[in-house]
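*Asks:* So that you have it, the file is entry05.cif, and it contains mmCIF, C-alpha atoms:
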data_start
loop_
_atom_site.label_atom_id
_atom_site.label_comp_id
_atom_site.auth_asym_id
_atom_site.auth_seq_id
_atom_site.Cartn_x
_atom_site.Cartn_y
_atom_site.Cartn_z
CA MET Z 4 -26.70 28.64 13.49
CA LYS Z 5 -27.09 28.19 9.77
CA GLU Z 6 -28.99 25.12 8.64
CA LYS Z 7 -26.90 22.08 7.88
CA ILE Z 8 -25.41 21.80 4.41
CA LYS Z 9 -26.44 18.60 2.66
CA VAL Z 10 -23.47 16.77 1.13
CA PHE Z 11 -23.95 13.92 -1.34
CA GLY Z 12 -20.92 11.75 -1.97
CA ALA Z 13 -19.21 8.39 -1.62
CA PRO Z 14 -16.62 7.01 0.83
CA ALA Z 15 -14.21 6.14 -1.99
CA SER Z 16 -14.36 9.62 -3.52
CA PRO Z 17 -11.22 11.61 -2.59
CA TYR Z 18 -13.06 14.86 -3.25
CA THR Z 19 -15.88 13.84 -0.91
CA GLN Z 20 -13.31 13.12 1.79
CA LYS Z 21 -11.61 16.45 1.07
CA MET Z 22 -14.83 18.39 1.52
CA ILE Z 23 -16.05 16.57 4.62
CA SER Z 24 -12.73 17.13 6.38
CA ILE Z 25 -12.89 20.82 5.46
CA LEU Z 26 -16.39 21.16 6.88
CA ARG Z 27 -15.22 19.53 10.12
CA TYR Z 28 -12.20 21.84 10.36
CA ARG Z 29 -14.21 24.96 9.61
CA HIS Z 30 -17.01 24.08 12.06
CA ILE Z 31 -19.61 24.31 9.29
CA ALA Z 32 -22.72 22.30 10.11
CA TYR Z 33 -23.39 19.55 7.58
CA GLU Z 34 -24.98 16.17 7.02
CA VAL Z 35 -23.68 13.57 4.58
CA PHE Z 36 -25.65 11.25 2.34
CA MET Z 37 -23.40 8.50 1.07
CA GLY Z 38 -24.16 6.34 -1.93
CA ASP Z 39 -26.54 6.38 -4.91
CA VAL Z 40 -25.97 10.09 -5.47
CA PRO Z 41 -27.89 10.28 -8.79
CA GLY Z 42 -30.85 8.47 -7.25
CA ARG Z 43 -30.91 10.61 -4.13
CA LEU Z 44 -30.64 13.87 -6.06
CA SER Z 45 -33.36 12.87 -8.53
CA LYS Z 46 -35.79 12.42 -5.63
CA LEU Z 47 -35.28 15.93 -4.26
CA GLU Z 48 -38.21 18.08 -5.34
CA GLY Z 49 -37.14 21.25 -7.08
CA ILE Z 50 -33.45 20.30 -7.21
CA GLU Z 51 -31.97 19.76 -10.66
CA PRO Z 52 -28.98 17.38 -10.52
CA PRO Z 53 -25.75 18.78 -12.00
CA ASN Z 54 -24.67 17.49 -15.41
CA PRO Z 55 -22.46 15.62 -15.04
CA ILE Z 56 -22.96 14.59 -11.43
CA LEU Z 57 -19.64 15.05 -9.64
CA LEU Z 58 -18.67 14.01 -6.13
CA PRO Z 59 -19.29 15.57 -3.80
CA THR Z 60 -22.44 17.50 -4.67
CA LEU Z 61 -23.54 20.08 -2.10
CA LEU Z 62 -26.90 21.81 -1.85
CA LEU Z 63 -26.09 25.52 -1.59
CA LYS Z 64 -28.32 28.56 -1.99
CA ASP Z 65 -28.02 30.65 -5.15
CA ASP Z 66 -28.42 34.44 -5.32
CA SER Z 67 -32.21 34.09 -5.14
CA GLY Z 68 -32.05 31.94 -2.02
CA GLU Z 69 -32.99 28.73 -3.80
CA LEU Z 70 -31.05 25.55 -3.14
CA LYS Z 71 -28.90 24.45 -6.04
CA ALA Z 72 -26.85 21.29 -6.55
CA THR Z 73 -23.27 22.58 -6.56
CA THR Z 74 -20.04 20.79 -7.47
CA ASP Z 75 -16.28 21.41 -7.84
CA THR Z 76 -14.56 21.78 -4.50
CA THR Z 77 -12.19 24.68 -5.30
CA PRO Z 78 -14.90 27.30 -6.06
CA ILE Z 79 -16.95 25.97 -3.12
CA ILE Z 80 -13.97 26.56 -0.82
CA LYS Z 81 -13.64 30.12 -2.16
CA ARG Z 82 -17.34 30.72 -1.57
CA PHE Z 83 -17.07 29.51 2.01
CA GLU Z 84 -14.18 31.92 2.61
CA ASN Z 85 -16.68 34.76 2.11
CA GLU Z 86 -19.63 33.19 3.90
CA TYR Z 87 -17.89 31.88 7.01
CA PRO Z 88 -15.49 34.27 8.79
CA ASP Z 89 -13.65 31.82 11.05
CA ARG Z 90 -10.99 29.15 10.49
CA LYS Z 91 -10.27 30.11 6.88
CA LEU Z 92 -8.25 28.00 4.43
CA LEU Z 93 -6.77 30.58 2.04
CA PRO Z 94 -3.76 32.63 3.19
CA GLU Z 95 -4.29 36.40 3.28
CA ASP Z 96 -0.91 36.99 1.59
CA PRO Z 97 -1.78 36.93 -2.15
CA ALA Z 98 1.56 35.42 -3.17
CA LEU Z 99 1.31 32.61 -0.62
CA SER Z 100 -2.32 32.10 -1.56
CA PHE Z 101 -1.29 31.63 -5.20
CA ILE Z 102 1.22 28.91 -4.25
CA ASN Z 103 -1.56 27.32 -2.22
CA TYR Z 104 -3.78 27.48 -5.32
CA LEU Z 105 -1.11 25.67 -7.33
CA LEU Z 106 -0.74 22.93 -4.74
CA GLU Z 107 -4.50 22.47 -4.37
CA ASP Z 108 -4.68 22.00 -8.13
CA PHE Z 109 -1.71 19.62 -7.94
CA GLY Z 110 -3.57 17.54 -5.38
CA ASP Z 111 -6.86 17.57 -7.25
CA GLU Z 112 -5.43 16.98 -10.72
CA TRP Z 113 -2.04 15.25 -10.44
CA VAL Z 114 -2.10 13.32 -7.16
CA THR Z 115 -5.42 11.94 -8.36
CA LYS Z 116 -3.50 10.33 -11.23
CA TYR Z 117 -1.67 8.26 -8.64
CA MET Z 118 -4.97 7.32 -7.03
CA PHE Z 119 -6.79 6.28 -10.19
CA HIS Z 120 -3.73 4.50 -11.58
CA TYR Z 121 -3.13 2.33 -8.53
CA ARG Z 122 -6.82 1.58 -8.14
CA TRP Z 123 -7.46 0.31 -11.66
CA TYR Z 124 -4.16 -0.54 -13.36
CA PHE Z 125 -3.15 -3.47 -11.13
CA ASP Z 126 -5.26 -6.64 -10.93
CA GLU Z 127 -5.25 -6.92 -7.13
CA ASP Z 128 -6.28 -3.31 -6.66
CA ALA Z 129 -8.93 -3.42 -9.38
CA ASP Z 130 -10.43 -6.57 -7.88
CA ASN Z 131 -10.49 -4.95 -4.46
CA ALA Z 132 -12.06 -1.73 -5.73
CA SER Z 133 -14.68 -3.30 -7.98
CA THR Z 134 -15.80 -5.50 -5.06
CA VAL Z 135 -15.78 -2.93 -2.27
CA LEU Z 136 -17.15 0.08 -4.14
CA PRO Z 137 -20.66 -1.32 -4.75
CA LEU Z 138 -20.84 -2.54 -1.14
CA SER Z 139 -19.78 0.85 0.24
CA ASP Z 140 -22.59 2.46 -1.75
CA LEU Z 141 -24.92 1.73 1.21
CA ALA Z 142 -25.41 -1.78 -0.13
CA VAL Z 143 -23.44 -4.01 2.24
CA ASN Z 144 -26.36 -6.44 2.15
CA MET Z 145 -26.13 -6.89 -1.63
CA ALA Z 146 -26.75 -10.47 -2.71
CA ALA Z 147 -23.67 -12.34 -3.93
CA ASP Z 148 -25.05 -12.90 -7.44
CA THR Z 149 -25.92 -9.22 -7.79
CA LEU Z 150 -22.51 -8.19 -6.47
CA LYS Z 151 -20.83 -10.36 -9.09
CA GLU Z 152 -22.71 -8.58 -11.87
CA VAL Z 153 -22.18 -5.10 -10.46
CA LYS Z 154 -18.50 -5.84 -9.84
CA LYS Z 155 -17.97 -6.65 -13.52
CA TYR Z 156 -19.85 -3.54 -14.60
CA ILE Z 157 -17.78 -1.27 -12.35
CA TYR Z 158 -14.50 -2.89 -13.37
CA ASP Z 159 -15.25 -2.56 -17.09
CA ARG Z 160 -16.35 1.06 -16.73
CA GLN Z 161 -13.54 2.29 -14.49
CA HIS Z 162 -10.69 0.32 -16.05
CA GLY Z 163 -11.82 1.68 -19.40
CA ARG Z 164 -11.48 5.21 -18.04
CA LEU Z 165 -7.78 4.96 -17.17
CA TRP Z 166 -7.17 7.16 -20.21
CA VAL Z 167 -8.67 10.11 -18.30
CA VAL Z 168 -5.63 10.30 -16.01
CA GLY Z 169 -3.17 9.06 -18.62
CA SER Z 170 -2.56 5.67 -17.01
CA ASN Z 171 -1.42 3.09 -19.56
CA ASP Z 172 1.47 0.73 -20.24
CA THR Z 173 3.58 3.61 -21.54
CA THR Z 174 3.08 5.87 -18.51
CA ALA Z 175 2.74 3.34 -15.67
CA ALA Z 176 6.40 3.46 -14.61
CA LEU Z 177 6.38 7.29 -14.66
CA ILE Z 178 3.31 7.47 -12.42
CA ASP Z 179 4.78 4.94 -10.03
CA SER Z 180 8.14 6.71 -9.74
CA SER Z 181 6.40 10.08 -9.29
CA TYR Z 182 4.26 8.76 -6.45
CA LYS Z 183 7.24 7.26 -4.66
CA ARG Z 184 9.07 10.58 -4.92
CA PHE Z 185 6.00 12.44 -3.75
CA VAL Z 186 5.71 10.28 -0.64
CA LYS Z 187 9.36 10.96 0.21
CA LEU Z 188 8.96 14.70 -0.47
CA MET Z 189 5.94 14.89 1.82
CA ASP Z 190 7.80 12.91 4.47
CA ASN Z 191 10.71 15.35 4.31
CA HIS Z 192 8.43 18.37 4.51
CA LEU Z 193 6.33 17.05 7.38
CA SER Z 194 9.49 16.46 9.36
CA VAL Z 195 9.86 20.26 9.63
CA SER Z 196 6.29 21.55 9.18
CA LYS Z 197 2.93 20.32 10.47
CA PHE Z 198 1.20 21.31 7.25
CA LEU Z 199 2.23 22.57 3.83
CA PHE Z 200 2.49 26.16 5.00
CA GLY Z 201 3.35 25.88 8.66
CA GLU Z 202 1.17 25.47 11.74
CA LYS Z 203 -2.19 25.88 10.03
CA PRO Z 204 -3.77 23.78 7.23
CA SER Z 205 -4.77 25.33 3.92
CA SER Z 206 -7.01 24.15 1.09
CA ALA Z 207 -3.98 22.48 -0.53
CA ASP Z 208 -3.49 20.28 2.54
CA PHE Z 209 -7.06 19.08 2.26
CA ALA Z 210 -6.74 18.47 -1.49
CA ILE Z 211 -3.74 16.20 -0.96
CA TYR Z 212 -5.39 14.62 2.08
CA GLY Z 213 -8.44 13.67 0.02
CA GLN Z 214 -6.37 11.72 -2.49
CA LEU Z 215 -4.32 10.06 0.26
CA THR Z 216 -7.45 8.75 1.96
CA GLN Z 217 -7.66 6.40 -1.00
CA LEU Z 218 -3.97 5.84 -1.70
CA ILE Z 219 -3.23 4.93 1.92
CA ASN Z 220 -6.51 3.62 3.30
CA PHE Z 221 -8.13 1.87 0.34
CA ASP Z 222 -5.87 0.68 -2.47
CA PRO Z 223 -3.47 -2.19 -1.59
CA THR Z 224 -0.48 -1.36 -3.82
CA SER Z 225 -0.22 2.33 -2.94
CA ARG Z 226 -0.93 1.56 0.71
CA LYS Z 227 2.06 -0.76 0.87
CA ILE Z 228 4.29 1.75 -0.92
CA THR Z 229 3.35 4.47 1.56
CA TYR Z 230 3.66 2.33 4.69
CA ASP Z 231 7.10 1.15 3.51
CA ARG Z 232 8.32 4.69 2.83
CA SER Z 233 6.61 7.09 5.23
CA LEU Z 234 4.77 6.26 8.42
CA ARG Z 235 4.95 10.00 9.06
CA LEU Z 236 2.64 10.58 6.10
CA VAL Z 237 0.33 7.81 7.32
CA SER Z 238 0.10 9.58 10.68
CA TRP Z 239 -0.51 12.96 9.01
CA LEU Z 240 -3.44 11.44 7.15
CA ASP Z 241 -5.01 10.36 10.44
CA ILE Z 242 -4.53 13.86 11.88
CA MET Z 243 -6.08 15.53 8.83
CA THR Z 244 -9.24 13.44 9.09
CA ASP Z 245 -10.67 15.55 11.89
CA LEU Z 246 -9.07 18.91 12.64
CA SER Z 247 -12.18 20.33 14.31
CA GLY Z 248 -10.17 20.80 17.49
CA HIS Z 249 -7.15 22.41 15.87
CA ASP Z 250 -6.15 25.61 17.66
CA VAL Z 251 -6.17 28.23 14.92
CA ASP Z 252 -5.72 31.12 17.33
CA ASN Z 253 -2.18 30.05 18.10
CA SER Z 254 -1.16 28.84 14.66
CA ASN Z 255 -0.03 30.69 11.57
CA TRP Z 256 0.95 30.16 7.98
CA THR Z 257 4.68 30.44 7.32
CA SER Z 258 5.53 33.34 5.03
CA LEU Z 259 6.50 32.47 1.47
CA GLU Z 260 10.03 33.76 1.96
CA ASP Z 261 10.49 31.75 5.18
CA SER Z 262 9.16 28.49 3.75
CA PRO Z 263 11.52 25.53 4.20
CA ASP Z 264 13.39 24.16 1.20
CA SER Z 265 11.23 21.03 1.43
CA LEU Z 266 8.22 22.99 0.13
CA LYS Z 267 10.13 24.10 -2.94
CA GLU Z 268 11.16 20.48 -3.54
CA ILE Z 269 7.48 19.55 -3.73
CA MET Z 270 7.02 22.31 -6.29
CA LYS Z 271 9.83 20.79 -8.33
CA GLU Z 272 7.81 17.58 -8.62
CA PHE Z 273 4.90 19.75 -9.80
CA GLY Z 274 7.18 21.33 -12.40
CA LYS Z 275 8.77 18.07 -13.48
CA MET Z 276 5.59 16.05 -13.97
CA TYR Z 277 2.42 18.14 -13.99
CA VAL Z 278 3.59 21.24 -15.89
CA PRO Z 279 4.65 19.48 -19.12
CA ALA Z 280 1.37 17.53 -19.07
CA LEU Z 281 -0.64 20.74 -18.65
CA LEU Z 282 1.17 22.46 -21.51
CA ALA Z 283 0.99 19.52 -23.92
CA ASN Z 284 -2.69 18.96 -23.17
CA ALA Z 285 -3.46 22.66 -23.74
CA ARG Z 286 -1.67 22.59 -27.10
CA ALA Z 287 -3.68 19.55 -28.12
CA ILE Z 288 -6.92 21.32 -27.22
CA ILE Z 289 -5.97 24.35 -29.32
CA GLU Z 290 -4.98 22.16 -32.27
CA GLY Z 291 -8.07 19.97 -31.98
CA GLU Z 292 -6.08 16.79 -31.36
CA GLU Z 293 -7.79 13.86 -29.62
CA THR Z 294 -4.52 12.56 -28.16
CA TRP Z 295 -1.14 14.03 -27.29
CA GLU Z 296 2.29 12.91 -26.27
CA THR Z 297 5.28 14.65 -24.74
CA GLU Z 298 8.45 13.94 -22.82
CA ILE Z 299 8.10 13.92 -19.04
CA ASP Z 300 11.08 13.21 -16.82
CA GLY Z 301 13.01 11.77 -19.74
CA SER Z 302 10.29 9.33 -20.80
CA LEU Z 303 7.35 9.34 -23.19
CA TRP Z 304 3.94 10.29 -21.84
CA LYS Z 305 0.89 9.80 -24.05
CA GLN Z 306 -2.81 10.08 -23.34
CA LYS Z 307 -6.13 11.32 -24.64
CA THR Z 308 -6.78 15.04 -24.51
CA PHE Z 309 -8.61 16.18 -21.37
CA PRO Z 310 -10.55 19.48 -21.74
CA TYR Z 311 -10.93 20.06 -18.00
CA GLN Z 312 -7.19 20.27 -17.44
CA ALA Z 313 -6.94 22.93 -20.14
CA LYS Z 314 -9.37 24.89 -17.97
CA CYS Z 315 -7.15 24.26 -14.96
CA LEU Z 316 -4.21 25.83 -16.77
CA ASN Z 317 -6.28 28.86 -17.75
CA TRP Z 318 -7.49 29.28 -14.17
CA ILE Z 319 -3.90 29.16 -12.89
CA LYS Z 320 -2.96 31.93 -15.31
CA GLU Z 321 -6.00 33.96 -14.29
CA GLU Z 322 -5.08 33.64 -10.61
CA PHE Z 323 -1.54 34.78 -11.36
CA ASP Z 324 -2.78 37.72 -13.41
CA LYS Z 325 -4.78 38.96 -10.40
CA LEU Z 326 -1.56 39.53 -8.44
CA ASN Z 327 0.09 42.93 -8.33
CA ALA Z 328 3.59 43.39 -9.70
CA ASP Z 329 5.30 42.91 -6.34
CA ASP Z 330 3.48 39.67 -5.55
CA LYS Z 331 4.12 38.36 -9.05
CA SER Z 332 7.81 39.02 -8.50
CA ARG Z 333 7.73 37.17 -5.16
CA VAL Z 334 6.00 34.17 -6.74
CA ARG Z 335 8.50 34.06 -9.60
CA ALA Z 336 11.40 34.23 -7.15
CA PHE Z 337 9.99 31.34 -5.11
CA LEU Z 338 9.26 29.20 -8.17
CA ASP Z 339 12.56 29.90 -9.89
CA GLY Z 340 14.19 26.61 -10.81
CA THR Z 341 11.10 24.47 -10.11
CA GLY Z 342 9.83 24.27 -13.70
CA CYS Z 343 6.57 25.91 -12.68
CA GLU Z 344 7.67 29.21 -14.20
CA GLN Z 345 6.55 27.92 -17.61
CA ILE Z 346 2.85 28.21 -16.76
CA LEU Z 347 2.96 31.76 -15.46
CA GLY Z 348 3.12 33.41 -18.88
#
Rewrite the coordinates I just gave you, this time as structure tokens.

*Replies:*
Amino acid sequence: MKEKIKVFGAPASPYTQKMISILRYRHIAYEVFMGDVPGRLSKLEGIEPPNPILLPTLLLKDDSGELKATTDTTPIIKRFENEYPDRKLLPEDPALSFINYLLEDFGDEWVTKYMFHYRWYFDEDADNASTVLPLSDLAVNMAADTLKEVKKYIYDRQHGRLWVVGSNDTTAALIDSSYKRFVKLMDNHLSVSKFLFGEKPSSADFAIYGQLTQLINFDPTSRKITYDRSLRLVSWLDIMTDLSGHDVDNSNWTSLEDSPDSLKEIMKEFGKMYVPALLANARAIIEGEETWETEIDGSLWKQKTFPYQAKCLNWIKEEFDKLNADDKSRVRAFLDGTGCEQILG
């Protein structure tokens, strides 16, 4: 058995929850260290913390066999596909794998907008988060006076970062309507499919799961929305938490061509909301603009430019370019009419 992978994260980090659930599903030995990630990493002799520190951070061996602090869940998942032969997360069919890549990115980069928006835009949610977050950082015994100070610090810092996901008075209604549609779309899909691509979970399932751990289990406003609209999705979240006993030998991914219409409807939400944001942000990066605005779903969206999401768009194009002509044609046929065609080049 390989030695346990050390995972540094936080309970309220959707990406930490994504990775832990993946490790459970894949039967990869691990141990988790929750809270005070910068402090814990700084005390590890010979380990240089990543800059910036992102959650989760995993200690993985580099080519020379030395442990290195490693972040960003998508490349870590790809690495594990090569290092661990069983219970894989990426479909073998290149065309289906590309759609999975899109939906993993959608979970990591768009569904997270819902999460951050509901957590910090509304007073009740922000009060809840700024109180619970410092306590969940392995500090449940924090003195009341200290908690009051830390609570204010966290609120000021996080509320001031709403611009990162584009949450503001102009976009609030758009984010809210998109989340409500997304919940209904997931409810419809899960009524005919256990996971996004059939009987077996993929990396995209875990990406969406990670965000929903917060939207359903932590933040009051989004929790109520979800419970009112889809108890099926609430139940799916519970199932996704620990799939270590899932029978992969008797489960398969549904082929792209046999996918139910409900999957394509989810892609339409991707095309309606996320695609125009990706394109407008990329243009702003090229033109050196600090902010951008565009029309999304008939309304104005405006936010500060976000360099990382320009990278996301480039990575999507690179993944598509790796496909052969036949698989590119299959992907285009599946995405036709979703709005996602615009990012394929």

*Asks:* Using CA of Asp148 in chain Z and CA of Phe119 in chain Z as the two end points, give the distance in Å to one decimal.

*Replies:*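 It comes out at 26.6 Å.
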
*Asks:* For the provided coordinates, the residues matched by the PyMOL selection byres ((chain Z and resi 71) around 12) should be stated as number ranges by chain.

*Replies:* Z: 8-10, 44, 47-53, 60-70, 72-74

*Asks:* Taking the file as I've supplied it (selection: the PyMOL selection byres ((chain Z and resi 93) around 10)), which residues are included? Please answer as a PyMOL selection string.

*Replies:* chain Z and resi 80-81+84+90-92+94-97+99-101+103-104+204-207+256

*Asks:* Quick one: of Z:Tyr28, Z:Tyr158, Z:Phe36, Z:Tyr117, who's nearest to Ser180 in chain Z, counting all atoms listed in the file?

*Replies:*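 Of Z:Tyr28, Z:Tyr158, Z:Phe36, Z:Tyr117, the one nearest Ser180 in chain Z, counting all atoms listed in the file, is Z:Tyr117.
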
*Asks:* Expand the PyMOL selection byres ((chain Z and resi 136-138) around 12) into the individual residues it matches in the shown file, reporting them as a PyMOL selection string.

*Replies:* chain Z and resi 13-16+37-39+122+128-135+139-147+149-158+161+217+221-222

*Asks:* Mind dumping the selected residues with C-alpha atoms as an mmCIF file, keeping the file's coordinate frame?

*Replies:*
data_model
loop_
_atom_site.group_PDB
_atom_site.id
_atom_site.type_symbol
_atom_site.label_atom_id
_atom_site.label_comp_id
_atom_site.auth_asym_id
_atom_site.auth_seq_id
_atom_site.Cartn_x
_atom_site.Cartn_y
_atom_site.Cartn_z
ATOM 1 C CA ALA Z 13 -19.210 8.390 -1.620
ATOM 2 C CA PRO Z 14 -16.620 7.010 0.830
ATOM 3 C CA ALA Z 15 -14.210 6.140 -1.990
ATOM 4 C CA SER Z 16 -14.360 9.620 -3.520
ATOM 5 C CA MET Z 37 -23.400 8.500 1.070
ATOM 6 C CA GLY Z 38 -24.160 6.340 -1.930
ATOM 7 C CA ASP Z 39 -26.540 6.380 -4.910
ATOM 8 C CA ARG Z 122 -6.820 1.580 -8.140
ATOM 9 C CA ASP Z 128 -6.280 -3.310 -6.660
ATOM 10 C CA ALA Z 129 -8.930 -3.420 -9.380
ATOM 11 C CA ASP Z 130 -10.430 -6.570 -7.880
ATOM 12 C CA ASN Z 131 -10.490 -4.950 -4.460
ATOM 13 C CA ALA Z 132 -12.060 -1.730 -5.730
ATOM 14 C CA SER Z 133 -14.680 -3.300 -7.980
ATOM 15 C CA THR Z 134 -15.800 -5.500 -5.060
ATOM 16 C CA VAL Z 135 -15.780 -2.930 -2.270
ATOM 17 C CA SER Z 139 -19.780 0.850 0.240
ATOM 18 C CA ASP Z 140 -22.590 2.460 -1.750
ATOM 19 C CA LEU Z 141 -24.920 1.730 1.210
ATOM 20 C CA ALA Z 142 -25.410 -1.780 -0.130
ATOM 21 C CA VAL Z 143 -23.440 -4.010 2.240
ATOM 22 C CA ASN Z 144 -26.360 -6.440 2.150
ATOM 23 C CA MET Z 145 -26.130 -6.890 -1.630
ATOM 24 C CA ALA Z 146 -26.750 -10.470 -2.710
ATOM 25 C CA ALA Z 147 -23.670 -12.340 -3.930
ATOM 26 C CA THR Z 149 -25.920 -9.220 -7.790
ATOM 27 C CA LEU Z 150 -22.510 -8.190 -6.470
ATOM 28 C CA LYS Z 151 -20.830 -10.360 -9.090
ATOM 29 C CA GLU Z 152 -22.710 -8.580 -11.870
ATOM 30 C CA VAL Z 153 -22.180 -5.100 -10.460
ATOM 31 C CA LYS Z 154 -18.500 -5.840 -9.840
ATOM 32 C CA LYS Z 155 -17.970 -6.650 -13.520
ATOM 33 C CA TYR Z 156 -19.850 -3.540 -14.600
ATOM 34 C CA ILE Z 157 -17.780 -1.270 -12.350
ATOM 35 C CA TYR Z 158 -14.500 -2.890 -13.370
ATOM 36 C CA GLN Z 161 -13.540 2.290 -14.490
ATOM 37 C CA GLN Z 217 -7.660 6.400 -1.000
ATOM 38 C CA PHE Z 221 -8.130 1.870 0.340
ATOM 39 C CA ASP Z 222 -5.870 0.680 -2.470
#

*Asks:* Produce the centre coordinates and the three edge lengths, each in Å to one decimal, of the box along x, y and z that contains all listed atoms of range 308-322 of chain Z with 4 Å added on each side, as JSON.

*Replies:*
{"center_x": -6.9, "center_y": 24.5, "center_z": -17.6, "size_x": 16.0, "size_y": 26.9, "size_z": 21.9}

*Asks:* Between CA of Ser247 in chain Z and CA of Lys5 in chain Z, what is the distance, to one decimal in Å?

*Replies:* 17.5 Å

*Asks:* May I have the residues within 10 Å of range 304-315 of chain Z as JSON, numbers by chain, using all atoms listed in the file and disregarding those fewer than 4 positions away in the same chain?

*Replies:* {"Z": [105, 108, 112, 165, 166, 167, 168, 169, 170, 171, 172, 173, 174, 175, 177, 178, 276, 279, 280, 281, 282, 283, 284, 285, 286, 287, 288, 289, 291, 292, 293, 294, 295, 296, 297, 298, 299, 300, 319, 320, 321]}

*Asks:* With all atoms listed in the file as the counted atoms, please give the residues lying no more than 10 Å from Asp75 in chain Z, apart from itself and same-chain residues fewer than 3 positions off, as a PyMOL selection string.

*Replies:* chain Z and resi 18+22+57-61+78-80

*Asks:* So that I have them on file, write out the residues from the current selection with C-alpha atoms, as a PDB file, in the frame of the given file.

*Replies:*
ATOM      1  CA  TYR Z  18     -13.060  14.860  -3.250  1.00  0.00           C
ATOM      2  CA  MET Z  22     -14.830  18.390   1.520  1.00  0.00           C
ATOM      3  CA  LEU Z  57     -19.640  15.050  -9.640  1.00  0.00           C
ATOM      4  CA  LEU Z  58     -18.670  14.010  -6.130  1.00  0.00           C
ATOM      5  CA  PRO Z  59     -19.290  15.570  -3.800  1.00  0.00           C
ATOM      6  CA  THR Z  60     -22.440  17.500  -4.670  1.00  0.00           C
ATOM      7  CA  LEU Z  61     -23.540  20.080  -2.100  1.00  0.00           C
ATOM      8  CA  PRO Z  78     -14.900  27.300  -6.060  1.00  0.00           C
ATOM      9  CA  ILE Z  79     -16.950  25.970  -3.120  1.00  0.00           C
ATOM     10  CA  ILE Z  80     -13.970  26.560  -0.820  1.00  0.00           C
TER      11      ILE Z  80
END

*Asks:* Quote the spacing between CA of Ile31 in chain Z and CA of Trp239 in chain Z in Å to one decimal place.

*Replies:*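 One can read the CA of Ile31 in chain Z to CA of Trp239 in chain Z distance as 22.2 Å.
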
*Asks:* Write out as a list in words which residues come within 10 Å of Leu259 in chain Z when counting all atoms listed in the file, dropping same-chain ones fewer than 4 positions away.

*Replies:*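 Counting all atoms listed in the file, the residues come to Asp96, Ala98, Leu99, Ser100, Ile102, Phe200, Pro263, Leu266, Arg333, Val334 and Phe337 of chain Z.
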
*Asks:* For Lys197 in chain Z, which residue among Z:Asn255, Z:Leu218, Z:Thr229, Z:Ser181 is the nearest when counting only C-alpha atoms?

*Replies:*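 Smallest distance to Lys197 in chain Z is found for Z:Asn255.
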
*Asks:* Would you mind telling me which residue in Z:Val237, Z:Ala210, Z:Ile228, Z:Leu316 lies nearest to Glu107 in chain Z when using all atoms listed in the file?

*Replies:*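 Using all atoms listed in the file, the shortest distance to Glu107 in chain Z belongs to Z:Ala210.
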
*Asks:* So that I can see what lies close to Leu236 in chain Z, please list as a PDB file with C-alpha atoms, in the frame of the given file the residues with an atom at most 9 Å from it, counting all atoms listed in the file and leaving out residues fewer than 2 positions away in the same chain.

*Replies:*
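out.pdb was written with the following content:
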ATOM      1  CA  VAL Z 186       5.710  10.280  -0.640  1.00  0.00           C
ATOM      2  CA  LYS Z 187       9.360  10.960   0.210  1.00  0.00           C
ATOM      3  CA  MET Z 189       5.940  14.890   1.820  1.00  0.00           C
ATOM      4  CA  ASP Z 190       7.800  12.910   4.470  1.00  0.00           C
ATOM      5  CA  LEU Z 193       6.330  17.050   7.380  1.00  0.00           C
ATOM      6  CA  THR Z 229       3.350   4.470   1.560  1.00  0.00           C
ATOM      7  CA  TYR Z 230       3.660   2.330   4.690  1.00  0.00           C
ATOM      8  CA  ARG Z 232       8.320   4.690   2.830  1.00  0.00           C
ATOM      9  CA  SER Z 233       6.610   7.090   5.230  1.00  0.00           C
ATOM     10  CA  LEU Z 234       4.770   6.260   8.420  1.00  0.00           C
ATOM     11  CA  SER Z 238       0.100   9.580  10.680  1.00  0.00           C
ATOM     12  CA  TRP Z 239      -0.510  12.960   9.010  1.00  0.00           C
ATOM     13  CA  LEU Z 240      -3.440  11.440   7.150  1.00  0.00           C
ATOM     14  CA  ASP Z 241      -5.010  10.360  10.440  1.00  0.00           C
TER      15      ASP Z 241
END

*Asks:* Counting all atoms listed in the file, figure out which residue out of Z:Asp261, Z:Phe83, Z:Tyr124, Z:Tyr277 gets nearest to Asp111 in chain Z.

*Replies:*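 Among the listed residues, Z:Tyr277 lies closest to Asp111 in chain Z.
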